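Novice: Coordinates in entry30.txt, compact mmCIF, C-alpha atoms and all ligand atoms, are listed below.
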```txt
# COMPACT_ATOMS: atom_id res chain seq x y z
CA MET A 79 118.09 93.55 143.28
CA LEU A 80 121.56 92.09 142.66
CA SER A 81 122.39 88.62 143.83
CA ILE A 82 125.84 87.16 143.28
CA LYS A 83 126.21 83.52 144.26
CA ASP A 84 129.45 81.58 144.52
CA LEU A 85 131.01 83.38 141.57
CA TYR A 86 134.28 82.11 140.13
CA VAL A 87 135.99 84.10 137.40
CA SER A 88 139.15 83.43 135.41
CA VAL A 89 141.22 85.71 133.24
CA GLU A 90 143.58 84.15 130.73
CA GLY A 91 143.25 80.82 132.47
CA MET A 92 144.07 82.25 135.90
CA GLU A 93 141.41 82.01 138.57
CA ILE A 94 140.90 85.51 140.01
CA LEU A 95 137.55 85.43 141.80
CA LYS A 96 137.09 82.42 144.04
CA GLY A 97 133.54 82.20 145.28
CA ILE A 98 132.02 85.67 145.64
CA ASN A 99 128.68 86.01 147.41
CA LEU A 100 126.99 89.40 147.54
CA GLU A 101 123.41 90.60 147.93
CA VAL A 102 122.49 94.20 147.16
CA LYS A 103 119.00 95.30 148.09
CA PRO A 104 117.18 98.41 146.83
CA GLY A 105 118.41 101.57 148.52
CA GLU A 106 121.71 100.12 149.71
CA VAL A 107 125.19 101.46 149.06
CA HIS A 108 127.96 98.84 149.28
CA ALA A 109 131.65 99.63 149.30
CA ILE A 110 134.15 97.04 148.13
CA MET A 111 137.67 97.61 149.39
CA GLY A 112 140.82 95.58 149.47
CA PRO A 113 144.51 95.62 148.59
CA ASN A 114 145.74 95.95 145.02
CA GLY A 115 145.33 92.83 142.93
CA SER A 116 142.51 91.40 145.08
CA GLY A 117 140.09 91.18 142.17
CA LYS A 118 137.98 94.31 142.75
CA SER A 119 138.17 95.51 139.15
CA THR A 120 137.66 91.95 137.92
CA LEU A 121 134.36 91.86 139.78
CA ALA A 122 133.30 95.23 138.32
CA ASN A 123 134.38 94.15 134.84
CA VAL A 124 132.54 90.86 134.93
CA LEU A 125 129.35 92.67 135.97
CA ALA A 126 129.93 95.07 133.06
CA GLY A 127 130.20 92.12 130.68
CA LYS A 128 133.76 92.56 129.50
CA GLU A 129 134.71 89.71 127.19
CA GLU A 130 138.05 88.60 128.55
CA TYR A 131 136.55 87.63 131.94
CA GLU A 132 135.37 84.05 131.99
CA VAL A 133 132.79 82.98 134.55
CA THR A 134 133.65 79.38 135.39
CA SER A 135 130.85 78.87 137.93
CA GLY A 136 128.26 80.66 140.03
CA SER A 137 125.46 83.04 139.12
CA VAL A 138 124.53 86.71 139.03
CA LEU A 139 120.88 87.70 139.08
CA PHE A 140 119.66 91.26 138.51
CA ASP A 141 115.96 91.64 139.28
CA GLY A 142 115.78 87.88 139.25
CA GLU A 143 117.11 87.63 135.69
CA ASP A 144 120.41 86.09 134.64
CA LEU A 145 122.70 89.08 134.17
CA LEU A 146 125.61 87.10 132.74
CA GLU A 147 123.59 86.04 129.70
CA LYS A 148 122.89 89.62 128.67
CA ALA A 149 124.90 91.82 126.35
CA PRO A 150 126.48 94.86 128.03
CA GLU A 151 124.07 97.28 126.32
CA ASP A 152 121.07 95.32 127.58
CA ARG A 153 122.47 95.37 131.11
CA ALA A 154 122.62 99.15 130.79
CA LYS A 155 119.05 99.41 129.50
CA ASP A 156 117.87 97.33 132.44
CA GLY A 157 119.21 100.02 134.76
CA LEU A 158 122.80 99.07 135.47
CA PHE A 159 125.47 101.73 135.19
CA LEU A 160 129.11 100.85 135.08
CA SER A 161 131.92 103.31 134.95
CA PHE A 162 133.60 103.37 131.56
CA GLN A 163 130.72 101.52 129.99
CA TYR A 164 130.37 104.35 127.51
CA PRO A 165 132.73 105.01 124.63
CA VAL A 166 136.00 106.64 125.49
CA GLU A 167 136.07 108.52 122.25
CA ILE A 168 133.75 109.02 119.30
CA PRO A 169 135.55 111.60 117.18
CA GLY A 170 133.18 114.11 115.69
CA VAL A 171 130.11 113.13 117.71
CA PRO A 172 129.36 115.90 120.18
CA MET A 173 128.57 114.56 123.61
CA VAL A 174 125.17 116.27 123.70
CA ASN A 175 123.88 114.27 120.72
CA PHE A 176 125.34 111.10 122.05
CA LEU A 177 123.83 111.55 125.51
CA LYS A 178 120.42 112.56 124.22
CA SER A 179 120.24 109.32 122.22
CA ALA A 180 121.40 107.29 125.22
CA VAL A 181 118.87 108.88 127.58
CA ASN A 182 116.02 108.50 125.11
CA GLU A 183 116.90 104.91 124.37
CA HIS A 184 116.73 104.15 128.08
CA ARG A 185 113.42 105.98 128.37
CA LYS A 186 111.94 104.00 125.47
CA HIS A 187 113.08 100.78 127.07
CA LYS A 188 111.29 101.76 130.31
CA GLY A 189 108.14 102.71 128.35
CA GLU A 190 108.60 106.42 129.06
CA LYS A 191 108.10 109.29 126.62
CA GLU A 192 111.23 110.45 124.82
CA LEU A 193 112.53 113.89 125.76
CA THR A 194 112.36 116.75 123.27
CA ALA A 195 115.53 118.74 122.59
CA GLY A 196 114.32 121.46 124.99
CA GLU A 197 113.46 119.03 127.76
CA PHE A 198 116.79 117.31 127.38
CA LEU A 199 118.71 120.59 127.60
CA LYS A 200 116.90 121.49 130.79
CA LEU A 201 117.70 118.12 132.35
CA MET A 202 121.28 118.44 131.20
CA ARG A 203 121.76 121.86 132.81
CA GLU A 204 120.37 120.58 136.07
CA LYS A 205 122.78 117.63 136.13
CA MET A 206 125.75 119.73 135.01
CA ASP A 207 125.21 122.02 137.96
CA MET A 208 125.22 119.02 140.22
CA VAL A 209 128.66 117.87 139.12
CA ASP A 210 129.90 121.42 138.71
CA MET A 211 130.75 120.79 135.07
CA HIS A 212 131.76 123.50 132.67
CA PRO A 213 129.19 123.96 129.85
CA ASN A 214 131.93 123.84 127.20
CA LEU A 215 132.60 120.21 127.99
CA THR A 216 129.36 119.01 126.44
CA ASN A 217 130.21 120.51 123.06
CA ARG A 218 133.32 118.41 122.73
CA SER A 219 133.31 115.02 121.12
CA VAL A 220 132.75 112.19 123.54
CA ASN A 221 135.69 112.09 125.93
CA GLU A 222 137.99 113.52 123.28
CA GLY A 223 140.96 115.19 124.87
CA PHE A 224 139.43 115.23 128.32
CA SER A 225 141.75 115.47 131.32
CA GLY A 226 141.49 112.85 134.07
CA GLY A 227 139.30 115.08 136.24
CA GLU A 228 137.09 116.04 133.29
CA LYS A 229 136.60 112.39 132.34
CA LYS A 230 135.53 111.67 135.89
CA LYS A 231 133.03 114.54 135.87
CA ASN A 232 131.77 113.41 132.49
CA GLU A 233 131.27 109.88 133.75
CA ILE A 234 129.35 110.97 136.84
CA PHE A 235 127.36 113.41 134.73
CA GLN A 236 126.35 110.53 132.42
CA MET A 237 125.34 108.53 135.45
CA ALA A 238 123.24 111.41 136.78
CA LEU A 239 121.46 111.74 133.44
CA LEU A 240 120.73 108.04 133.07
CA GLU A 241 119.54 107.64 136.68
CA PRO A 242 120.49 103.98 136.93
CA ARG A 243 118.91 101.71 139.52
CA LEU A 244 122.26 100.13 140.26
CA ALA A 245 125.48 102.05 139.74
CA ILE A 246 128.76 100.16 139.92
CA LEU A 247 131.71 102.51 140.15
CA ASP A 248 135.25 101.23 140.03
CA GLU A 249 137.39 104.00 141.39
CA THR A 250 140.97 103.71 140.28
CA ASP A 251 143.55 103.64 143.01
CA SER A 252 145.28 106.81 141.98
CA GLY A 253 144.80 110.15 140.35
CA LEU A 254 141.57 111.18 142.04
CA ASP A 255 142.05 114.51 143.73
CA ILE A 256 139.67 115.80 146.40
CA ASP A 257 137.68 117.70 143.79
CA ALA A 258 137.11 114.54 141.75
CA LEU A 259 136.28 112.53 144.87
CA LYS A 260 133.62 115.08 145.76
CA THR A 261 132.20 114.90 142.24
CA VAL A 262 131.87 111.14 142.52
CA ALA A 263 130.35 111.43 145.97
CA ASN A 264 127.85 114.12 144.93
CA GLY A 265 126.76 111.97 142.00
CA VAL A 266 126.25 108.87 144.11
CA ASN A 267 124.59 110.76 146.96
CA ALA A 268 122.20 112.54 144.60
CA LEU A 269 121.04 109.18 143.25
CA ARG A 270 120.39 107.74 146.68
CA SER A 271 116.78 106.73 147.13
CA PRO A 272 114.88 103.70 148.45
CA GLU A 273 114.82 102.25 144.92
CA ARG A 274 118.39 102.92 143.82
CA SER A 275 121.58 101.20 144.87
CA ALA A 276 125.29 101.53 144.32
CA ILE A 277 128.43 99.46 144.59
CA VAL A 278 131.50 101.60 145.01
CA VAL A 279 134.81 99.86 144.50
CA THR A 280 137.66 101.75 146.06
CA HIS A 281 141.15 101.21 147.34
CA TYR A 282 141.05 104.22 149.60
CA GLN A 283 138.94 105.04 152.60
CA ARG A 284 138.92 108.75 151.71
CA LEU A 285 136.06 108.46 149.22
CA LEU A 286 133.93 106.97 151.99
CA ASP A 287 134.28 110.19 153.98
CA TYR A 288 131.85 111.59 151.40
CA ILE A 289 129.80 108.53 150.49
CA VAL A 290 128.67 106.80 153.65
CA PRO A 291 128.08 103.15 152.73
CA ASP A 292 125.60 100.82 154.38
CA PHE A 293 128.04 97.92 154.05
CA VAL A 294 131.78 97.61 153.57
CA HIS A 295 133.23 94.39 152.14
CA ILE A 296 136.90 93.52 152.02
CA LEU A 297 137.95 91.55 148.99
CA TYR A 298 141.23 89.69 149.34
CA LYS A 299 142.70 87.08 146.99
CA GLY A 300 139.40 86.74 145.16
CA LYS A 301 137.18 86.27 148.20
CA ILE A 302 135.14 88.54 150.44
CA VAL A 303 136.93 87.97 153.72
CA LYS A 304 135.05 90.48 155.87
CA THR A 305 131.75 92.38 155.76
CA ALA A 306 130.67 95.06 158.20
CA GLY A 307 129.14 98.52 158.41
CA LYS A 308 130.76 101.85 157.60
CA GLU A 309 133.04 101.57 160.64
CA LEU A 310 135.09 98.94 158.81
CA ALA A 311 136.36 101.61 156.41
CA LEU A 312 137.62 103.66 159.36
CA GLU A 313 139.28 100.59 160.82
CA LEU A 314 141.09 100.05 157.51
CA GLU A 315 142.18 103.67 157.44
CA GLU A 316 143.72 103.19 160.84
CA LYS A 317 145.17 99.70 160.54
CA GLY A 318 145.81 99.29 156.80
CA TYR A 319 145.42 95.91 155.12
CA ASP A 320 148.21 93.94 156.78
CA TRP A 321 145.99 92.35 159.43
CA ILE A 322 143.75 91.04 156.63
CA LYS A 323 146.79 89.48 154.97
CA THR A 324 147.99 87.69 158.10
CA ASP A 325 144.50 86.43 159.00
CA ASN A 326 143.80 85.02 155.54
P1 LIG B 1 142.17 95.07 141.99
O1 LIG B 1 141.18 95.87 141.21
O2 LIG B 1 141.64 94.59 143.29
O3 LIG B 1 143.47 95.78 142.17
P2 LIG B 1 142.21 93.36 139.67
O4 LIG B 1 140.87 92.76 139.52
O5 LIG B 1 142.57 94.49 138.77
O6 LIG B 1 142.48 93.72 141.19
O7 LIG B 1 143.29 92.24 139.42
C1 LIG B 1 143.26 90.97 140.08
C2 LIG B 1 144.24 90.04 139.41
O8 LIG B 1 143.76 89.71 138.11
C3 LIG B 1 145.62 90.62 139.20
O9 LIG B 1 146.55 89.60 139.43
C4 LIG B 1 145.60 91.04 137.75
O10 LIG B 1 146.89 91.00 137.20
C5 LIG B 1 144.69 90.02 137.12
N1 LIG B 1 143.96 90.58 135.96
C6 LIG B 1 142.89 91.39 136.03
N2 LIG B 1 142.45 91.73 134.79
C7 LIG B 1 143.28 91.12 133.93
C8 LIG B 1 143.36 91.04 132.51
N3 LIG B 1 142.50 91.69 131.72
N4 LIG B 1 144.35 90.29 131.98
C9 LIG B 1 145.23 89.62 132.76
N5 LIG B 1 145.19 89.63 134.10
C10 LIG B 1 144.25 90.35 134.69
MG MG B 2 144.35 97.47 141.08
MG MG B 3 141.18 97.78 140.49
```
Since I need it in another form, could you write the structure as structure tokens?
Ligand code: ADP
Ligand code: MG
Ligand code: MG

Specialist:
Amino acid sequence: MLSIKDLYVSVEGMEILKGINLEVKPGEVHAIMGPNGSGKSTLANVLAGKEEYEVTSGSVLFDGEDLLEKAPEDRAKDGLFLSFQYPVEIPGVPMVNFLKSAVNEHRKHKGEKELTAGEFLKLMREKMDMVDMHPNLTNRSVNEGFSGGEKKKNEIFQMALLEPRLAILDETDSGLDIDALKTVANGVNALRSPERSAIVVTHYQRLLDYIVPDFVHILYKGKIVKTAGKELALELEEKGYDWIKTDN
């Protein structure tokens, strides 16, 4: 599904990613962990297509097609979901209208029938229940005046609606309380199926108490220095990152 080969990425002339190799197959959940400044967000951002990240060599294929050539919105239509891909704020545009257009655009792209207003509302209620989101939130303009926890719920709610085939979530290192962690985990777990995959970037092991990954990778100084199963996250919880630093 996703195949990253020998990827080198620079930001402002500084080489941040130094030869990343990663294969994600359908149905798999991969966790990417590592100390601050390792390049985790850089990897997520380059997959999202953020401009300031320059790929200096290597390749990324999604369904066999060159992902790096595509505009961010086309990556999304092809079934990729990246946290914070959607506008932070569109004053005056209620989220419901915005999301209905987004969902229907994706459906059209997949050759599926567009949802009527009634069908969309039904789907929306179902997904709101899943993330335990207050109905009032959807009447507000997109992300306008949302608290940190509400933004997180909103993001996972958008993901649940769009049902991406590959979700890439970059979880910030701070500010996620247990409630928000559970929201993220519920969203990812609800999407799990033999066809869907996820890459969860996280600094903390705690999130992986709720999302049990198939693989855990440690990114350090721009390289994946270790890959193992879910037990690696527990090992990190116990030992921290210092042993990675002395070994590499
Ligand atoms: P992590 O998510 O693992 O904490 P990041 O990918 O955010 O690591 O950062 C890796 C390195 O790249 C850091 O040294 C950071 O300062 C640098 N970096 C990342 N994004 C930018 C940017 N947009 N502009 C300048 N430097 C950046
Ligand atoms: Mg960081
Ligand atoms: Mg980061």

Novice: Report as a PDB file with C-alpha atoms, keeping the file's coordinate frame which protein, DNA and RNA residues come within 6 Å of ligand LIG 1 (chain B), using all atoms listed in the file.

Specialist:
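Below is the file part-v8.pdb, written as the result:
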```pdb
ATOM      1  CA  VAL A  89     141.220  85.710 133.240  1.00  0.00           C
ATOM      2  CA  ILE A  94     140.900  85.510 140.010  1.00  0.00           C
ATOM      3  CA  ASN A 114     145.740  95.950 145.020  1.00  0.00           C
ATOM      4  CA  GLY A 115     145.330  92.830 142.930  1.00  0.00           C
ATOM      5  CA  SER A 116     142.510  91.400 145.080  1.00  0.00           C
ATOM      6  CA  GLY A 117     140.090  91.180 142.170  1.00  0.00           C
ATOM      7  CA  LYS A 118     137.980  94.310 142.750  1.00  0.00           C
ATOM      8  CA  SER A 119     138.170  95.510 139.150  1.00  0.00           C
ATOM      9  CA  THR A 120     137.660  91.950 137.920  1.00  0.00           C
TER      10      THR A 120
END
```

Novice: Can you work out the spacing between CA of Phe198 in chain A and CA of Glu183 in chain A in Å, to one decimal?

Specialist: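 Interatomic distance, CA of Phe198 in chain A to CA of Glu183 in chain A: 12.8 Å.
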
Novice: Given only C-alpha atoms as the basis, pick out the residue of A:Leu310, A:Leu80, A:Ile256, A:Ile246 nearest to Ser137 in chain A.

Specialist: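 Smallest distance to Ser137 in chain A is found for A:Leu80.
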
Novice: Just to confirm, what's the straight-line distance from CA of His295 in chain A to CA of Lys308 in chain A in Å (one decimal)?

Specialist: 9.6 Å

Novice: From the list A:Glu249, A:Glu233, A:Glu204, A:Glu192, which residue is nearest ligand MG 2 (chain B) when using all atoms listed in the file?

Specialist: A:Glu249

Novice: One decimal, Å: what's the distance from CA of Met111 in chain A over to CA of Glu316 in chain A, could you say?

Specialist: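 Going from CA of Met111 in chain A over to CA of Glu316 in chain A, I get 14.1 Å.
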
Novice: Please return, as a ChimeraX atom specification, all polymer residues that have at least one atom within 6 Å of the point (114.5, 96.4, 128.7); use only C-alpha atoms and the file's own coordinate frame.

Specialist: /A:155-156,187

Novice: Once you count all atoms listed in the file, which residues end up no further than 9 Å from (121.5, 110.9, 133.9) in the file's frame, shown as an mmCIF file with C-alpha atoms, in the frame of the given file?

Specialist:
```
data_model
loop_
_atom_site.group_PDB
_atom_site.id
_atom_site.type_symbol
_atom_site.label_atom_id
_atom_site.label_comp_id
_atom_site.auth_asym_id
_atom_site.auth_seq_id
_atom_site.Cartn_x
_atom_site.Cartn_y
_atom_site.Cartn_z
ATOM 1 C CA LEU A 177 123.830 111.550 125.510
ATOM 2 C CA VAL A 181 118.870 108.880 127.580
ATOM 3 C CA LEU A 201 117.700 118.120 132.350
ATOM 4 C CA MET A 202 121.280 118.440 131.200
ATOM 5 C CA LYS A 205 122.780 117.630 136.130
ATOM 6 C CA ILE A 234 129.350 110.970 136.840
ATOM 7 C CA PHE A 235 127.360 113.410 134.730
ATOM 8 C CA GLN A 236 126.350 110.530 132.420
ATOM 9 C CA MET A 237 125.340 108.530 135.450
ATOM 10 C CA ALA A 238 123.240 111.410 136.780
ATOM 11 C CA LEU A 239 121.460 111.740 133.440
ATOM 12 C CA LEU A 240 120.730 108.040 133.070
ATOM 13 C CA GLU A 241 119.540 107.640 136.680
ATOM 14 C CA PRO A 242 120.490 103.980 136.930
#
```

Novice: Please determine, counting all atoms listed in the file, which residue among A:Gly142, A:Pro113, A:Gly97, A:Gly91 has the shortest atom-to-atom distance to ligand MG 2 (chain B).

Specialist: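 Counting all atoms listed in the file, the residue closest to ligand MG 2 (chain B) is A:Pro113.
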
Novice: Do you know which residues are at most 9 Å from Lys103 in chain A counting all atoms listed in the file, after dropping those on the same chain fewer than 2 positions away, and could you put them as an NGL selection string?

Specialist: :A and (79-81 or 101 or 105-107 or 273-275)

Novice: Which residue gives the smallest distance to Asp257 in chain A among A:Gly226, A:Gln283, A:Pro272, A:Glu315, with only C-alpha atoms counted?

Specialist: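 Ranking A:Gly226, A:Gln283, A:Pro272, A:Glu315 by distance to Asp257 in chain A, first place goes to A:Gly226.
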
Novice: Of the candidates A:His184, A:Ala306, A:Glu147, A:Asn123, which one gets nearest to ligand MG 3 (chain B) if we count all atoms listed in the file?

Specialist: A:Asn123

Novice: Could you tell me which of A:Asp325, A:Asp248, A:Asp292, A:Glu228 comes closest to ligand MG 3 (chain B) if we count all atoms listed in the file?

Specialist: A:Asp248

Novice: Skipping near chain neighbours, those fewer than 2 positions away, what residues fall within 9 Å of Lys96 in chain A using all atoms listed in the file, listed as a list in words?

Specialist: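 What passes the distance filter is Asp84, Leu85, Tyr86, Val87, Ser88, Glu93, Ile94, Ile98, Lys299, Gly300 and Lys301 of chain A.
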
Novice: Counting only C-alpha atoms, what is within 12 Å of Leu145 in chain A, bar same-chain residues fewer than 4 positions away, as a ChimeraX atom specification?

Specialist: /A:79-82,124-127,133,136-141,149-158

Novice: What's the 9 Å shell around Ala109 in chain A, counting only C-alpha atoms, without same-chain residues fewer than 6 positions away, as an MDAnalysis selection string?

Specialist: chainID A and resid 276:280 286 290:296 308 311
